[in-house]
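Structure data (mmCIF, C-alpha atoms) from run_19.cif:
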```
data_protein
loop_
_atom_site.label_atom_id
_atom_site.label_comp_id
_atom_site.auth_asym_id
_atom_site.auth_seq_id
_atom_site.Cartn_x
_atom_site.Cartn_y
_atom_site.Cartn_z
CA MET U 15 0.00 0.00 0.00
CA SER U 16 1.37 3.43 -0.92
CA VAL U 17 1.23 5.54 2.22
CA ARG U 18 2.37 8.49 0.13
CA VAL U 19 -0.67 8.12 -2.12
CA LEU U 20 -3.07 7.91 0.82
CA ALA U 21 -1.52 10.90 2.56
CA ALA U 22 -1.76 12.84 -0.68
CA LEU U 23 -5.51 12.22 -0.80
CA ALA U 24 -5.99 14.01 2.50
CA MET U 25 -3.91 16.92 1.22
CA LEU U 26 -6.04 16.92 -1.93
CA MET U 27 -9.04 17.63 0.27
CA VAL U 28 -7.14 20.61 1.65
CA ALA U 29 -6.23 21.62 -1.88
CA PHE U 30 -9.88 21.78 -2.90
CA ALA U 31 -10.19 24.66 -0.44
CA LEU U 32 -7.62 26.74 -2.28
CA PRO U 33 -9.63 28.83 -4.82
CA ALA U 34 -9.81 31.66 -2.28
CA TYR U 35 -6.01 31.74 -2.33
CA ALA U 36 -5.64 31.30 -6.06
CA ALA U 37 -8.06 34.07 -6.88
CA GLY U 38 -6.21 36.60 -4.77
CA LYS U 39 -3.61 38.94 -6.24
CA LYS U 40 -1.32 38.99 -3.23
CA THR U 41 0.55 36.32 -1.30
CA ALA U 42 -0.32 36.11 2.39
CA HIS U 43 2.78 37.68 3.98
CA SER U 44 1.58 38.43 7.50
CA SER U 45 0.36 36.09 10.20
CA ALA U 46 -3.01 37.85 10.27
CA GLN U 47 -3.44 37.44 6.50
CA LEU U 48 -2.49 33.79 6.66
CA ASN U 49 -4.91 33.10 9.53
CA ALA U 50 -7.72 34.80 7.60
CA LEU U 51 -6.82 32.68 4.57
CA LEU U 52 -6.91 29.49 6.63
CA ASP U 53 -10.35 30.41 7.94
CA ARG U 54 -11.61 30.72 4.35
CA LEU U 55 -9.96 27.44 3.39
CA GLN U 56 -11.52 25.66 6.34
CA LYS U 57 -15.01 26.85 5.38
CA HIS U 58 -14.56 25.74 1.79
CA TYR U 59 -13.24 22.35 2.90
CA GLN U 60 -16.24 21.83 5.15
CA GLN U 61 -18.59 22.66 2.28
CA THR U 62 -16.95 20.18 -0.15
CA LYS U 63 -18.76 16.85 0.19
CA SER U 64 -17.36 14.86 -2.73
CA PHE U 65 -15.24 15.03 -5.87
CA SER U 66 -13.88 12.95 -8.73
CA ALA U 67 -10.90 13.53 -11.01
CA LYS U 68 -8.41 11.96 -13.39
CA PHE U 69 -4.82 11.89 -12.17
CA THR U 70 -1.24 11.03 -13.00
CA GLU U 71 1.29 10.04 -10.37
CA GLU U 72 5.09 10.22 -10.45
CA ILE U 73 7.10 8.76 -7.56
CA THR U 74 10.81 9.55 -7.38
CA PRO U 75 12.57 7.72 -4.54
CA ALA U 76 15.69 9.42 -3.16
CA GLY U 77 18.50 8.00 -5.30
CA GLY U 78 16.06 5.79 -7.24
CA ALA U 79 14.35 5.64 -10.61
CA LYS U 80 11.13 7.52 -11.31
CA ARG U 81 7.89 5.52 -11.58
CA ALA U 82 4.76 6.87 -13.30
CA ARG U 83 1.10 5.78 -13.19
CA ALA U 84 -2.32 7.22 -14.00
CA GLY U 85 -5.96 6.63 -13.15
CA ASN U 86 -9.14 7.97 -11.55
CA ILE U 87 -10.00 9.08 -8.03
CA TYR U 88 -13.37 9.38 -6.26
CA TYR U 89 -13.95 10.76 -2.76
CA ARG U 90 -17.00 11.27 -0.56
CA LYS U 91 -17.21 12.32 3.06
CA PRO U 92 -16.85 10.84 5.56
CA GLY U 93 -13.81 8.79 4.60
CA GLN U 94 -15.08 7.03 1.48
CA MET U 95 -12.67 6.90 -1.44
CA ARG U 96 -11.57 4.96 -4.47
CA TRP U 97 -8.26 5.13 -6.35
CA GLU U 98 -8.10 3.23 -9.65
CA PHE U 99 -4.60 2.90 -11.13
CA THR U 100 -4.69 1.83 -14.77
CA GLY U 101 -2.08 0.57 -17.21
CA GLU U 102 0.59 -2.08 -16.55
CA ASP U 103 0.98 -1.31 -12.83
CA GLN U 104 -2.67 -1.70 -11.81
CA GLU U 105 -3.92 -1.22 -8.26
CA ILE U 106 -7.25 -0.41 -6.57
CA ILE U 107 -7.57 1.30 -3.19
CA VAL U 108 -11.07 1.49 -1.69
CA SER U 109 -12.32 2.83 1.63
CA ASP U 110 -15.88 2.39 2.85
CA GLY U 111 -15.28 4.88 5.68
CA LYS U 112 -14.17 2.24 8.19
CA LEU U 113 -11.93 -0.23 6.40
CA LEU U 114 -9.33 0.39 3.71
CA TYR U 115 -8.85 -2.24 0.99
CA ASN U 116 -5.73 -2.32 -1.18
CA TYR U 117 -6.05 -4.75 -4.11
CA GLN U 118 -3.10 -5.68 -6.32
CA PRO U 119 -4.33 -7.67 -9.35
CA ASP U 120 -0.89 -9.07 -10.26
CA LEU U 121 -0.72 -10.79 -6.85
CA ASN U 122 -4.50 -11.29 -6.52
CA GLN U 123 -4.01 -10.06 -2.97
CA VAL U 124 -6.13 -7.76 -0.80
CA ILE U 125 -4.73 -5.96 2.24
CA GLU U 126 -7.47 -4.88 4.66
CA THR U 127 -6.65 -2.16 7.22
CA PRO U 128 -8.79 -0.09 9.62
CA LEU U 129 -8.92 3.37 8.02
CA GLU U 130 -7.65 5.37 10.99
CA GLN U 131 -4.75 2.93 11.36
CA ALA U 132 -3.57 3.32 7.76
CA PHE U 133 -1.83 6.67 8.23
CA LYS U 134 1.26 7.89 10.02
CA SER U 135 -0.41 11.21 10.74
CA SER U 136 -3.66 11.60 12.68
CA ALA U 137 -4.20 14.87 10.78
CA THR U 138 -4.27 12.92 7.51
CA ALA U 139 -6.90 10.53 8.83
CA ALA U 140 -8.92 13.44 10.23
CA PHE U 141 -9.18 15.10 6.82
CA LEU U 142 -10.24 11.87 5.15
CA LEU U 143 -12.94 11.41 7.79
CA GLY U 144 -14.19 14.96 7.26
CA VAL U 145 -13.18 16.36 10.65
CA GLY U 146 -9.84 18.00 9.80
CA ASN U 147 -8.94 21.49 10.97
CA LEU U 148 -6.25 23.42 9.10
CA GLN U 149 -5.11 25.74 11.89
CA ARG U 150 -5.18 22.98 14.50
CA ASP U 151 -3.49 20.29 12.43
CA PHE U 152 -1.13 22.04 10.00
CA ASP U 153 1.54 24.68 9.66
CA ALA U 154 0.79 26.57 6.44
CA LYS U 155 2.79 29.11 4.46
CA ALA U 156 3.25 30.50 1.00
CA PRO U 157 6.51 29.41 -0.69
CA ALA U 158 9.38 31.87 -0.53
CA THR U 159 9.13 32.17 -4.32
CA GLN U 160 6.34 31.09 -6.64
CA ALA U 161 7.24 28.36 -9.14
CA ALA U 162 7.55 29.37 -12.79
CA ASP U 163 4.74 27.01 -13.82
CA GLY U 164 1.96 29.60 -13.83
CA LEU U 165 0.28 28.01 -10.80
CA LYS U 166 -0.34 29.51 -7.36
CA HIS U 167 1.34 27.45 -4.63
CA ILE U 168 0.88 26.91 -0.90
CA VAL U 169 2.88 24.69 1.48
CA LEU U 170 1.29 22.58 4.24
CA LYS U 171 3.00 20.48 6.93
CA PRO U 172 1.17 18.38 9.56
CA LYS U 173 2.11 19.58 13.05
CA ASN U 174 2.60 16.00 14.19
CA GLY U 175 4.37 14.75 11.06
CA SER U 176 7.53 15.21 9.02
CA ASP U 177 6.09 15.14 5.48
CA THR U 178 5.68 18.39 3.53
CA PHE U 179 2.95 19.02 0.94
CA GLU U 180 2.84 21.66 -1.78
CA VAL U 181 -0.23 22.26 -3.92
CA GLY U 182 -0.55 24.26 -7.13
CA ILE U 183 -3.68 25.93 -8.52
CA ASP U 184 -4.38 27.18 -12.04
CA PRO U 185 -5.32 30.86 -11.45
CA ALA U 186 -7.38 31.00 -14.66
CA THR U 187 -9.63 28.00 -13.98
CA LEU U 188 -9.05 27.56 -10.22
CA ASP U 189 -8.51 23.85 -10.89
CA ILE U 190 -6.04 21.93 -8.77
CA LYS U 191 -3.27 20.97 -11.14
CA MET U 192 -0.50 19.66 -8.89
CA LEU U 193 0.20 18.22 -5.47
CA ARG U 194 3.77 17.39 -4.37
CA LEU U 195 4.57 15.35 -1.26
CA THR U 196 8.13 15.16 0.08
CA ASP U 197 8.59 12.68 2.92
CA ALA U 198 11.26 12.44 5.63
CA LEU U 199 13.39 10.13 3.44
CA GLY U 200 13.44 12.60 0.57
CA ASP U 201 11.10 10.55 -1.62
CA VAL U 202 8.92 12.80 -3.81
CA THR U 203 5.41 11.99 -5.06
CA VAL U 204 3.85 14.37 -7.60
CA LEU U 205 0.16 14.09 -8.47
CA THR U 206 -1.42 16.09 -11.29
CA PHE U 207 -5.19 16.34 -11.78
CA GLY U 208 -7.69 17.01 -14.53
CA ASP U 209 -11.40 16.69 -15.33
CA ILE U 210 -12.22 17.67 -11.74
CA LYS U 211 -15.87 17.45 -10.70
CA ARG U 212 -16.94 18.60 -7.23
CA ASP U 213 -20.12 17.66 -5.34
CA THR U 214 -21.63 15.52 -8.08
CA PRO U 215 -23.53 12.31 -7.17
CA LEU U 216 -21.27 9.26 -6.82
CA ASP U 217 -22.51 5.67 -7.00
CA ASP U 218 -22.42 3.85 -3.64
CA GLN U 219 -20.83 0.88 -5.41
CA LEU U 220 -17.65 2.89 -5.93
CA PHE U 221 -17.00 2.62 -2.19
CA THR U 222 -17.99 -1.02 -1.77
CA PHE U 223 -15.19 -3.55 -2.20
CA ILE U 224 -15.91 -7.21 -2.99
CA PRO U 225 -12.72 -9.33 -3.11
CA PRO U 226 -12.23 -11.11 -6.46
CA ALA U 227 -12.65 -14.87 -6.48
CA GLY U 228 -9.64 -16.67 -5.06
CA ALA U 229 -7.97 -13.49 -3.77
CA ASP U 230 -5.64 -13.82 -0.79
CA ILE U 231 -6.98 -11.53 1.96
CA VAL U 232 -4.47 -10.20 4.49
CA LYS U 233 -5.92 -8.38 7.49
CA THR U 234 -3.69 -5.86 9.26
CA PRO U 235 -3.73 -6.51 13.02
CA GLN U 236 -5.81 -3.85 14.77
CA SER U 237 -3.88 -1.42 16.92
CA PRO U 238 -4.45 -1.75 20.70
CA ASN U 239 -5.38 1.95 20.72
CA SER U 240 -8.05 1.52 18.06
CA ARG U 241 -11.65 1.75 19.14
#
```
Mind turning this structure into structure tokens?
Amino acid sequence: MSVRVLAALAMLMVAFALPAYAAGKKTAHSSAQLNALLDRLQKHYQQTKSFSAKFTEEITPAGGAKRARAGNIYYRKPGQMRWEFTGEDQEIIVSDGKLLYNYQPDLNQVIETPLEQAFKSSATAAFLLGVGNLQRDFDAKAPATQAADGLKHIVLKPKNGSDTFEVGIDPATLDIKMLRLTDALGDVTVLTFGDIKRDTPLDDQLFTFIPPAGADIVKTPQSPNSR
């Protein structure tokens, strides 16, 4: 299971709150401006109930070779999601809001994990479950310099984690175009998005996982602290 991918989904939910930032003409320099921005982002996040999008993913391990994939993502609060990776390196990740299923067709194996146990950061799980709070859970700032890609960028770091997230918004369309995650080991995951649709009806079957016939099901032991 790609923890980087799952963490990026939570940051994507934060990213969907960014049009207020992208539409502005100034970067938030002062603490007061940034706090006001975070308040607007929080409101927008709370109002977003679901979304779907096409995506590409590039993972560059520190000192390793780059790996690229593509697919579709669906999300619905609280905590329901589906990642479909297409092409040669296929994978399906489904959450019904309580359990997370990671299916790898080449192995015909399913790994089943309690959702809140699947993440290193409690802030990540909180955003997936629809109860995240930007000012409580994250340190946020504008980059020292904006990238020369024509997007508006903002940097987010969980207060109880070591990973750093950067998101980029197209100022013309306000679409989320890029999300970059850099973890403590220096591995970089870059997700780019297109055909974004927010708050449209999503079929319940997207978030229901039925193991394929003959699949090997591996259940992650439940943490003693889990309820």
Need the shell around Ile224 of chain U: protein/DNA/RNA residues with any atom at most 12 Å away, counting all atoms listed in the file. Skip same-chain ones fewer than 4 positions apart. Format as a PyMOL selection string? chain U and resi 106-110+115-117+124+126+219-220+228-229+231
Taking C-alpha atoms for each residue, export the selection above as a PDB file, in the coordinates of the input.
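Everything below was put into part_2.pdb:
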```
ATOM      1  CA  ILE U 106      -7.250  -0.410  -6.570  1.00  0.00           C
ATOM      2  CA  ILE U 107      -7.570   1.300  -3.190  1.00  0.00           C
ATOM      3  CA  VAL U 108     -11.070   1.490  -1.690  1.00  0.00           C
ATOM      4  CA  SER U 109     -12.320   2.830   1.630  1.00  0.00           C
ATOM      5  CA  ASP U 110     -15.880   2.390   2.850  1.00  0.00           C
ATOM      6  CA  TYR U 115      -8.850  -2.240   0.990  1.00  0.00           C
ATOM      7  CA  ASN U 116      -5.730  -2.320  -1.180  1.00  0.00           C
ATOM      8  CA  TYR U 117      -6.050  -4.750  -4.110  1.00  0.00           C
ATOM      9  CA  VAL U 124      -6.130  -7.760  -0.800  1.00  0.00           C
ATOM     10  CA  GLU U 126      -7.470  -4.880   4.660  1.00  0.00           C
ATOM     11  CA  GLN U 219     -20.830   0.880  -5.410  1.00  0.00           C
ATOM     12  CA  LEU U 220     -17.650   2.890  -5.930  1.00  0.00           C
ATOM     13  CA  GLY U 228      -9.640 -16.670  -5.060  1.00  0.00           C
ATOM     14  CA  ALA U 229      -7.970 -13.490  -3.770  1.00  0.00           C
ATOM     15  CA  ILE U 231      -6.980 -11.530   1.960  1.00  0.00           C
TER      16      ILE U 231
END
```
Atom CA of Lys191 of chain U sits from atom CA of Asp209 of chain U at a separation of 10.1 Å
How would you write, as a ChimeraX atom specification, the residues chosen by the PyMOL selection byres ((chain U and resi 205) around 9) on this structure?
/U:19,22,69-73,191-195,203-204,206-207
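Here atom CA of Ala67 of chain U is placed at a distance of 6.8 Å from atom CA of Tyr88 of chain U.
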Judged by only C-alpha atoms, the minimum distance to Tyr89 of chain U among U:Leu199, U:Ser64, U:Phe223, U:Asp217 is found for U:Ser64
- request: Name every residue that the PyMOL selection byres ((chain U and resi 213) around 6) selects in this structure, writing the answer as a VMD selection string with chains first and numbers rising.
  value: chain U and resid 63 to 65 212 214
As JSON: centre and edge lengths in Å, one decimal, of the axis-aligned box holding segment 78-96 of chain U with 8 Å per side:
```
{"center_x": -0.6, "center_y": 8.6, "center_z": -4.2, "size_x": 49.3, "size_y": 23.4, "size_z": 35.6}
```
re atom CA of Ala198 of chain U and atom CA of Ala154 of chain U: distance 17.6 Å
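Taken over the shown file, the PyMOL selection byres ((chain U and resi 181) around 7) identifies Ala29, His167, Ile168, Val169, Phe179, Glu180, Gly182, Ile183, Met192, Leu193 and Arg194 of chain U.
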